[in-house]
Amino acid sequence: MTRQDPEIQTFTNEVMHIQESLNQINSFKTDLVNLWAIIYGDRDFSKTHNHFNLWDKLAYNTILYLSDSNTPIVFETTTSSVEIFPKKGLLVVMHPITHHSVPLVDNHLERMALVCNFAVY
């Protein structure tokens with residue numbers, strides 16, 4: 001992937017828009033602190049986790065899906081869970097204490113996403 005790829009351009013534009021919006025609605029400034037791509041193949045999964053203790057002052061996580069998938073991201077609380085099925089172009093913004101997981105991928109299709117974190121400064 002390069003900066004000229006439509007997915008990267010879409011993600012970059014969305015990240016800039018999100019950061020501007022966060023800075024307008026909050027009493028604190030946010031900055032992009034890291035960005036990565038994740039590709040789940042057949043039989044991959046992610047255990048329940050959050051991003052709260054990974055980086056000091058982390059404020060928001062964002063996910064831009066690069067592909068449709070029959071394998072959801074699952075948001076969990078102590079009493080319930082919500083599943084969101086990725087669609088190409090879907091952008092998810094969550095707080096870093098949000099517990100989430102990805103069940104076992106078993107449909108032989110790659111599940112691709114770009115992820116970034118915003119911190120408070």
# chains A, B, ... in the order shown; residues from 1 in each chain; ligands from 1
call {"tool": "select_by_dssp", "arguments": {"residues": "region 6-82 of chain A", "states": "helix (DSSP H, G or I)", "output": "ChimeraX atom specification"}}
result
/A:6-25
call {"tool": "write_last_selection", "arguments": {"atoms": "C-alpha atoms", "output": "mmCIF file, in the first residue's frame"}}
result
data_model
loop_
_atom_site.group_PDB
_atom_site.id
_atom_site.type_symbol
_atom_site.label_atom_id
_atom_site.label_comp_id
_atom_site.auth_asym_id
_atom_site.auth_seq_id
_atom_site.Cartn_x
_atom_site.Cartn_y
_atom_site.Cartn_z
ATOM 1 C CA PRO A 6 -7.584 5.164 -2.365
ATOM 2 C CA GLU A 7 -7.919 3.338 0.969
ATOM 3 C CA ILE A 8 -4.917 5.183 2.412
ATOM 4 C CA GLN A 9 -6.202 8.534 1.098
ATOM 5 C CA THR A 10 -9.657 7.850 2.541
ATOM 6 C CA PHE A 11 -8.156 6.888 5.870
ATOM 7 C CA THR A 12 -5.823 9.913 5.941
ATOM 8 C CA ASN A 13 -8.713 12.257 5.132
ATOM 9 C CA GLU A 14 -10.929 10.639 7.764
ATOM 10 C CA VAL A 15 -8.167 10.740 10.387
ATOM 11 C CA MET A 16 -7.611 14.448 9.741
ATOM 12 C CA HIS A 17 -11.366 15.115 9.911
ATOM 13 C CA ILE A 18 -11.731 13.111 13.122
ATOM 14 C CA GLN A 19 -8.806 14.898 14.733
ATOM 15 C CA GLU A 20 -10.247 18.305 13.791
ATOM 16 C CA SER A 21 -13.653 17.298 15.164
ATOM 17 C CA LEU A 22 -12.180 15.947 18.400
ATOM 18 C CA ASN A 23 -10.220 19.139 18.916
ATOM 19 C CA GLN A 24 -13.379 21.220 18.382
ATOM 20 C CA ILE A 25 -15.628 19.282 20.767
#
call {"tool": "select_by_dssp", "arguments": {"residues": "region 6-96 of chain A", "states": "strand (DSSP E or B)", "output": "ChimeraX atom specification"}}
result
/A:30-40,46-49,58-65,73-76,81-84,91-94
call {"tool": "residues_around", "arguments": {"residues": "Ile97 (chain A)", "least_positions_apart": "4", "cutoff": "7 Å", "atoms": "only C-alpha atoms", "output": "list of chain:residue names"}}
result
A:Asn50, A:His51, A:Phe52
call {"tool": "closest_residue", "arguments": {"among": "A:Asp68, A:Asp31, A:Asp44, A:Asp5", "to": "Asp106 (chain A)", "atoms": "only C-alpha atoms"}}
result
A:Asp44
